[in-house]
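Undergrad: My file is entry.cif. It has mmCIF, N, CA and C atoms:
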```cif
data_model
#
loop_
_atom_site.group_PDB
_atom_site.id
_atom_site.type_symbol
_atom_site.label_atom_id
_atom_site.label_comp_id
_atom_site.auth_asym_id
_atom_site.auth_seq_id
_atom_site.Cartn_x
_atom_site.Cartn_y
_atom_site.Cartn_z
ATOM 1 N N MET A 1122 25.036 149.163 139.386
ATOM 2 C CA MET A 1122 25.942 150.241 139.681
ATOM 3 C C MET A 1122 26.090 151.112 138.438
ATOM 4 N N VAL A 1123 26.351 152.360 138.665
ATOM 5 C CA VAL A 1123 26.578 153.322 137.602
ATOM 6 C C VAL A 1123 28.050 153.705 137.628
ATOM 7 N N TRP A 1124 28.711 153.680 136.475
ATOM 8 C CA TRP A 1124 30.126 154.030 136.386
ATOM 9 C C TRP A 1124 30.285 155.207 135.431
ATOM 10 N N PRO A 1125 30.015 156.427 135.884
ATOM 11 C CA PRO A 1125 30.135 157.582 134.980
ATOM 12 C C PRO A 1125 31.599 157.926 134.702
ATOM 13 N N THR A 1126 31.795 158.568 133.578
ATOM 14 C CA THR A 1126 33.132 159.082 133.282
ATOM 15 C C THR A 1126 33.415 160.231 134.242
ATOM 16 N N ASP A 1127 34.681 160.591 134.374
ATOM 17 C CA ASP A 1127 35.037 161.702 135.257
ATOM 18 C C ASP A 1127 34.321 162.982 134.853
ATOM 19 N N ALA A 1128 34.213 163.223 133.545
ATOM 20 C CA ALA A 1128 33.570 164.448 133.059
ATOM 21 C C ALA A 1128 32.076 164.469 133.383
ATOM 22 N N ALA A 1129 31.430 163.307 133.358
ATOM 23 C CA ALA A 1129 29.988 163.232 133.590
ATOM 24 C C ALA A 1129 29.619 163.108 135.070
ATOM 25 N N TYR A 1130 30.605 162.819 135.906
ATOM 26 C CA TYR A 1130 30.353 162.516 137.313
ATOM 27 C C TYR A 1130 29.495 163.564 138.036
ATOM 28 N N PRO A 1131 29.830 164.851 137.970
ATOM 29 C CA PRO A 1131 29.009 165.839 138.693
ATOM 30 C C PRO A 1131 27.549 165.846 138.243
ATOM 31 N N ASP A 1132 27.310 165.720 136.939
ATOM 32 C CA ASP A 1132 25.928 165.707 136.437
ATOM 33 C C ASP A 1132 25.188 164.449 136.872
ATOM 34 N N VAL A 1133 25.858 163.308 136.841
ATOM 35 C CA VAL A 1133 25.234 162.058 137.267
ATOM 36 C C VAL A 1133 24.885 162.133 138.748
ATOM 37 N N LEU A 1134 25.794 162.638 139.562
ATOM 38 C CA LEU A 1134 25.534 162.755 140.989
ATOM 39 C C LEU A 1134 24.359 163.695 141.260
ATOM 40 N N ARG A 1135 24.289 164.807 140.551
ATOM 41 C CA ARG A 1135 23.146 165.731 140.709
ATOM 42 C C ARG A 1135 21.842 165.040 140.316
ATOM 43 N N THR A 1136 21.870 164.260 139.243
ATOM 44 C CA THR A 1136 20.669 163.556 138.786
ATOM 45 C C THR A 1136 20.230 162.508 139.805
ATOM 46 N N LEU A 1137 21.180 161.746 140.339
ATOM 47 C CA LEU A 1137 20.841 160.749 141.359
ATOM 48 C C LEU A 1137 20.317 161.411 142.624
ATOM 49 N N ASP A 1138 20.927 162.520 143.029
ATOM 50 C CA ASP A 1138 20.425 163.260 144.190
ATOM 51 C C ASP A 1138 18.987 163.710 143.965
ATOM 52 N N ALA A 1139 18.689 164.206 142.767
ATOM 53 C CA ALA A 1139 17.331 164.655 142.459
ATOM 54 C C ALA A 1139 16.360 163.467 142.497
ATOM 55 N N LEU A 1140 16.778 162.335 141.955
ATOM 56 C CA LEU A 1140 15.941 161.142 141.958
ATOM 57 C C LEU A 1140 15.604 160.707 143.384
ATOM 58 N N GLU A 1141 16.565 160.771 144.268
ATOM 59 C CA GLU A 1141 16.370 160.381 145.666
ATOM 60 C C GLU A 1141 15.880 161.539 146.533
ATOM 61 N N GLU A 1142 15.637 162.684 145.908
ATOM 62 C CA GLU A 1142 15.201 163.900 146.623
ATOM 63 C C GLU A 1142 16.151 164.224 147.766
ATOM 64 N N TYR A 1143 17.433 164.056 147.472
ATOM 65 C CA TYR A 1143 18.476 164.304 148.458
ATOM 66 C C TYR A 1143 19.069 165.691 148.258
ATOM 67 N N ARG A 1144 19.108 166.459 149.353
ATOM 68 C CA ARG A 1144 19.752 167.770 149.357
ATOM 69 C C ARG A 1144 20.807 167.755 150.454
ATOM 70 N N PRO A 1145 22.082 167.916 150.090
ATOM 71 C CA PRO A 1145 23.151 167.829 151.088
ATOM 72 C C PRO A 1145 22.860 168.680 152.327
ATOM 73 N N GLY A 1146 22.923 168.038 153.495
ATOM 74 C CA GLY A 1146 22.759 168.746 154.755
ATOM 75 C C GLY A 1146 21.335 169.103 155.137
ATOM 76 N N HIS A 1147 20.350 168.766 154.318
ATOM 77 C CA HIS A 1147 18.969 169.142 154.625
ATOM 78 C C HIS A 1147 18.372 168.174 155.646
ATOM 79 N N PRO A 1148 17.743 168.687 156.708
ATOM 80 C CA PRO A 1148 17.231 167.814 157.765
ATOM 81 C C PRO A 1148 16.033 166.952 157.353
ATOM 82 N N ASP A 1149 15.352 167.280 156.264
ATOM 83 C CA ASP A 1149 14.170 166.521 155.849
ATOM 84 C C ASP A 1149 14.456 165.453 154.801
ATOM 85 N N ASN A 1150 15.731 165.163 154.531
ATOM 86 C CA ASN A 1150 16.050 164.120 153.556
ATOM 87 C C ASN A 1150 15.498 162.773 154.023
ATOM 88 N N LEU A 1151 14.889 162.018 153.090
ATOM 89 C CA LEU A 1151 14.504 160.649 153.401
ATOM 90 C C LEU A 1151 15.736 159.753 153.419
ATOM 91 N N TYR A 1152 16.714 160.102 152.569
ATOM 92 C CA TYR A 1152 17.918 159.298 152.433
ATOM 93 C C TYR A 1152 19.148 160.149 152.690
ATOM 94 N N GLU A 1153 20.214 159.491 153.096
ATOM 95 C CA GLU A 1153 21.508 160.141 153.235
ATOM 96 C C GLU A 1153 22.458 159.497 152.234
ATOM 97 N N ARG A 1154 23.213 160.309 151.524
ATOM 98 C CA ARG A 1154 24.201 159.797 150.575
ATOM 99 C C ARG A 1154 25.511 159.630 151.323
ATOM 100 N N VAL A 1155 26.031 158.410 151.331
ATOM 101 C CA VAL A 1155 27.266 158.099 152.053
ATOM 102 C C VAL A 1155 28.180 157.261 151.168
ATOM 103 N N VAL A 1156 29.458 157.240 151.500
ATOM 104 C CA VAL A 1156 30.425 156.410 150.780
ATOM 105 C C VAL A 1156 30.526 155.061 151.481
ATOM 106 N N ARG A 1157 30.443 154.007 150.687
ATOM 107 C CA ARG A 1157 30.640 152.637 151.176
ATOM 108 C C ARG A 1157 31.541 151.913 150.188
ATOM 109 N N HIS A 1158 32.028 150.781 150.590
ATOM 110 C CA HIS A 1158 32.793 149.939 149.668
ATOM 111 C C HIS A 1158 31.839 148.947 149.023
ATOM 112 N N ALA A 1159 31.923 148.822 147.708
ATOM 113 C CA ALA A 1159 31.120 147.868 146.948
ATOM 114 C C ALA A 1159 32.076 146.901 146.263
ATOM 115 N N ARG A 1160 31.593 145.706 146.009
ATOM 116 C CA ARG A 1160 32.422 144.707 145.350
ATOM 117 C C ARG A 1160 31.930 144.520 143.922
ATOM 118 N N ARG A 1161 32.844 144.715 142.978
ATOM 119 C CA ARG A 1161 32.533 144.504 141.569
ATOM 120 C C ARG A 1161 32.467 143.008 141.279
ATOM 121 N N ALA A 1162 31.897 142.651 140.128
ATOM 122 C CA ALA A 1162 31.716 141.244 139.762
ATOM 123 C C ALA A 1162 33.027 140.461 139.831
ATOM 124 N N GLY A 1163 34.141 141.078 139.491
ATOM 125 C CA GLY A 1163 35.434 140.411 139.531
ATOM 126 C C GLY A 1163 36.044 140.320 140.917
ATOM 127 N N GLY A 1164 35.366 140.872 141.936
ATOM 128 C CA GLY A 1164 35.854 140.807 143.301
ATOM 129 C C GLY A 1164 36.557 142.058 143.784
ATOM 130 N N GLU A 1165 36.848 142.990 142.883
ATOM 131 C CA GLU A 1165 37.532 144.231 143.247
ATOM 132 C C GLU A 1165 36.631 145.086 144.142
ATOM 133 N N SER A 1166 37.184 145.637 145.212
ATOM 134 C CA SER A 1166 36.461 146.536 146.095
ATOM 135 C C SER A 1166 36.664 147.970 145.614
ATOM 136 N N VAL A 1167 35.565 148.705 145.478
ATOM 137 C CA VAL A 1167 35.627 150.099 145.033
ATOM 138 C C VAL A 1167 34.787 150.961 145.960
ATOM 139 N N ARG A 1168 35.132 152.241 146.025
ATOM 140 C CA ARG A 1168 34.312 153.199 146.782
ATOM 141 C C ARG A 1168 33.081 153.539 145.954
ATOM 142 N N ALA A 1169 31.924 153.637 146.619
ATOM 143 C CA ALA A 1169 30.679 153.929 145.907
ATOM 144 C C ALA A 1169 29.787 154.803 146.772
ATOM 145 N N TRP A 1170 29.053 155.706 146.131
ATOM 146 C CA TRP A 1170 28.024 156.454 146.833
ATOM 147 C C TRP A 1170 26.809 155.542 146.941
ATOM 148 N N VAL A 1171 26.194 155.498 148.114
ATOM 149 C CA VAL A 1171 24.940 154.778 148.296
ATOM 150 C C VAL A 1171 23.984 155.686 149.066
ATOM 151 N N TYR A 1172 22.712 155.459 148.876
ATOM 152 C CA TYR A 1172 21.687 156.230 149.569
ATOM 153 C C TYR A 1172 21.067 155.311 150.615
ATOM 154 N N LEU A 1173 21.262 155.665 151.894
ATOM 155 C CA LEU A 1173 20.723 154.888 153.005
ATOM 156 C C LEU A 1173 19.542 155.637 153.603
ATOM 157 N N ALA A 1174 18.626 154.906 154.186
ATOM 158 C CA ALA A 1174 17.479 155.529 154.834
ATOM 159 C C ALA A 1174 17.971 156.507 155.900
ATOM 160 N N GLY A 1175 17.433 157.705 155.862
ATOM 161 C CA GLY A 1175 17.742 158.692 156.882
ATOM 162 C C GLY A 1175 17.019 158.340 158.179
ATOM 163 N N PRO A 1176 17.265 159.073 159.250
ATOM 164 C CA PRO A 1176 16.699 158.730 160.559
ATOM 165 C C PRO A 1176 15.172 158.590 160.569
ATOM 166 N N ALA A 1177 14.441 159.520 159.965
ATOM 167 C CA ALA A 1177 12.974 159.451 159.999
ATOM 168 C C ALA A 1177 12.458 158.241 159.223
ATOM 169 N N LEU A 1178 12.995 158.005 158.030
ATOM 170 C CA LEU A 1178 12.565 156.867 157.223
ATOM 171 C C LEU A 1178 12.959 155.554 157.896
ATOM 172 N N ALA A 1179 14.162 155.478 158.434
ATOM 173 C CA ALA A 1179 14.604 154.257 159.106
ATOM 174 C C ALA A 1179 13.693 153.931 160.284
ATOM 175 N N ALA A 1180 13.289 154.935 161.040
ATOM 176 C CA ALA A 1180 12.391 154.706 162.175
ATOM 177 C C ALA A 1180 11.039 154.193 161.694
ATOM 178 N N ARG A 1181 10.536 154.762 160.597
ATOM 179 C CA ARG A 1181 9.246 154.323 160.040
ATOM 180 C C ARG A 1181 9.320 152.876 159.574
ATOM 181 N N VAL A 1182 10.391 152.531 158.890
ATOM 182 C CA VAL A 1182 10.542 151.165 158.388
ATOM 183 C C VAL A 1182 10.701 150.182 159.543
ATOM 184 N N ARG A 1183 11.478 150.552 160.556
ATOM 185 C CA ARG A 1183 11.644 149.658 161.710
ATOM 186 C C ARG A 1183 10.318 149.430 162.429
ATOM 187 N N ALA A 1184 9.479 150.469 162.495
ATOM 188 C CA ALA A 1184 8.207 150.364 163.205
ATOM 189 C C ALA A 1184 7.154 149.601 162.399
ATOM 190 N N ALA A 1185 7.132 149.770 161.082
ATOM 191 C CA ALA A 1185 6.034 149.214 160.285
ATOM 192 C C ALA A 1185 6.468 148.224 159.216
ATOM 193 N N GLY A 1186 7.736 148.181 158.904
ATOM 194 C CA GLY A 1186 8.191 147.308 157.822
ATOM 195 C C GLY A 1186 8.444 145.892 158.298
ATOM 196 N N PRO A 1187 8.273 144.938 157.390
ATOM 197 C CA PRO A 1187 8.528 143.543 157.767
ATOM 198 C C PRO A 1187 10.028 143.276 157.879
ATOM 199 N N ALA A 1188 10.407 142.453 158.830
ATOM 200 C CA ALA A 1188 11.805 142.054 158.951
ATOM 201 C C ALA A 1188 12.144 141.107 157.808
ATOM 202 N N ILE A 1189 13.351 141.186 157.311
ATOM 203 C CA ILE A 1189 13.808 140.282 156.259
ATOM 204 C C ILE A 1189 14.534 139.135 156.946
ATOM 205 N N ALA A 1190 13.976 137.943 156.816
ATOM 206 C CA ALA A 1190 14.536 136.763 157.482
ATOM 207 C C ALA A 1190 16.010 136.614 157.140
ATOM 208 N N GLY A 1191 16.835 136.519 158.144
ATOM 209 C CA GLY A 1191 18.265 136.350 157.943
ATOM 210 C C GLY A 1191 18.971 137.613 157.510
ATOM 211 N N GLY A 1192 18.222 138.697 157.266
ATOM 212 C CA GLY A 1192 18.818 139.963 156.867
ATOM 213 C C GLY A 1192 19.382 139.982 155.455
ATOM 214 N N ASP A 1193 19.052 138.989 154.628
ATOM 215 C CA ASP A 1193 19.596 138.904 153.273
ATOM 216 C C ASP A 1193 18.569 139.408 152.262
ATOM 217 N N TRP A 1194 18.764 140.638 151.795
ATOM 218 C CA TRP A 1194 17.830 141.273 150.865
ATOM 219 C C TRP A 1194 17.694 140.478 149.568
ATOM 220 N N HIS A 1195 18.775 139.917 149.080
ATOM 221 C CA HIS A 1195 18.737 139.179 147.820
ATOM 222 C C HIS A 1195 17.937 137.889 147.918
ATOM 223 N N ARG A 1196 17.885 137.274 149.072
ATOM 224 C CA ARG A 1196 17.176 135.997 149.242
ATOM 225 C C ARG A 1196 15.827 136.167 149.940
ATOM 226 N N ARG A 1197 15.364 137.381 150.052
ATOM 227 C CA ARG A 1197 14.126 137.659 150.780
ATOM 228 C C ARG A 1197 12.915 137.096 150.046
ATOM 229 N N ASP A 1198 11.810 137.007 150.773
ATOM 230 C CA ASP A 1198 10.519 136.642 150.192
ATOM 231 C C ASP A 1198 9.952 137.923 149.584
ATOM 232 N N VAL A 1199 9.889 138.007 148.262
ATOM 233 C CA VAL A 1199 9.489 139.255 147.605
ATOM 234 C C VAL A 1199 8.048 139.647 147.896
ATOM 235 N N THR A 1200 7.217 138.759 148.397
ATOM 236 C CA THR A 1200 5.842 139.132 148.720
ATOM 237 C C THR A 1200 5.788 140.069 149.916
ATOM 238 N N LEU A 1201 6.821 140.058 150.770
ATOM 239 C CA LEU A 1201 6.833 140.950 151.925
ATOM 240 C C LEU A 1201 6.875 142.407 151.511
ATOM 241 N N GLY A 1202 7.668 142.726 150.510
ATOM 242 C CA GLY A 1202 7.772 144.103 150.045
ATOM 243 C C GLY A 1202 6.443 144.633 149.541
ATOM 244 N N ALA A 1203 5.705 143.797 148.836
ATOM 245 C CA ALA A 1203 4.406 144.217 148.308
ATOM 246 C C ALA A 1203 3.438 144.527 149.445
ATOM 247 N N SER A 1204 3.447 143.733 150.514
ATOM 248 C CA SER A 1204 2.520 143.989 151.610
ATOM 249 C C SER A 1204 2.890 145.274 152.346
ATOM 250 N N PHE A 1205 4.182 145.563 152.469
ATOM 251 C CA PHE A 1205 4.604 146.804 153.128
ATOM 252 C C PHE A 1205 4.173 148.008 152.301
ATOM 253 N N ARG A 1206 4.391 147.951 150.989
ATOM 254 C CA ARG A 1206 4.004 149.069 150.121
ATOM 255 C C ARG A 1206 2.504 149.310 150.181
ATOM 256 N N SER A 1207 1.690 148.257 150.191
ATOM 257 C CA SER A 1207 0.247 148.457 150.211
ATOM 258 C C SER A 1207 -0.206 149.045 151.548
ATOM 259 N N SER A 1208 0.464 148.681 152.653
ATOM 260 C CA SER A 1208 0.077 149.238 153.939
ATOM 261 C C SER A 1208 0.439 150.714 154.046
ATOM 262 N N GLU A 1209 1.460 151.146 153.312
ATOM 263 C CA GLU A 1209 1.867 152.566 153.324
ATOM 264 C C GLU A 1209 0.780 153.436 152.683
ATOM 265 N N ARG A 1210 0.010 152.880 151.738
ATOM 266 C CA ARG A 1210 -1.021 153.654 151.037
ATOM 267 C C ARG A 1210 -2.271 153.821 151.875
ATOM 268 N N ASP A 1211 -2.514 152.922 152.832
ATOM 269 C CA ASP A 1211 -3.761 152.954 153.633
ATOM 270 C C ASP A 1211 -3.788 154.118 154.583
#
```
Written as structure tokens, that's how I'd like the structure from this file.

TA:
Amino acid sequence: MVWPTDAAYPDVLRTLDALEEYRPGHPDNLYERVVRHARRAGGESVRAWVYLAGPALAARVRAAGPAIAGGDWHRRDVTLGASFRSSERD
């Protein structure tokens, strides 16, 4: 997670948007920036911006991406991600 100061927040958000090629309201975004609740290491819940797959990318991943057993990204078999990435290049 990134915790920018209040003064740096607008610049950090612009930089993250550029990294994710996100343009507010643009129909061709691969990702959508949304607010979600995240849990800090101490257990505190905070509001956070996250980038979720937009409709076109989500459809592509659902059609061609491997399912993550149990839906737990942290406990996934990391070899699955490599096979998905290599199939995207073909």

Undergrad: Rounded to one decimal, what separation in Å do you get between CA of His1147 in chain A and CA of Val1182 in chain A?

TA: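 CA of Val1182 in chain A lies 20.2 Å from CA of His1147 in chain A.
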
Undergrad: What is the distance between CA of Ile1189 in chain A and CA of Ala1139 in chain A, in Å to one decimal?

TA: 28.2 Å

Undergrad: Using the chain letters and numbers from this file, what does the PyMOL selection byres (((chain A and resi 1177 and name CA) around 10) and name CA) select? Give the answer as a PyMOL selection string.

TA: chain A and resi 1148-1152+1174-1176+1178-1182

Undergrad: Please write the residues picked by the PyMOL selection byres (((chain A and resi 1159 and name CA) around 12) and name CA) on this file as a PyMOL selection string.

TA: chain A and resi 1122-1123+1156-1158+1160-1171

Undergrad: Extract the full set of alpha helix (DSSP H) residues from chain A according to DSSP on the backbone, and format it as a ChimeraX atom specification.

TA: /A:1130-1140,1176-1185,1199-1210
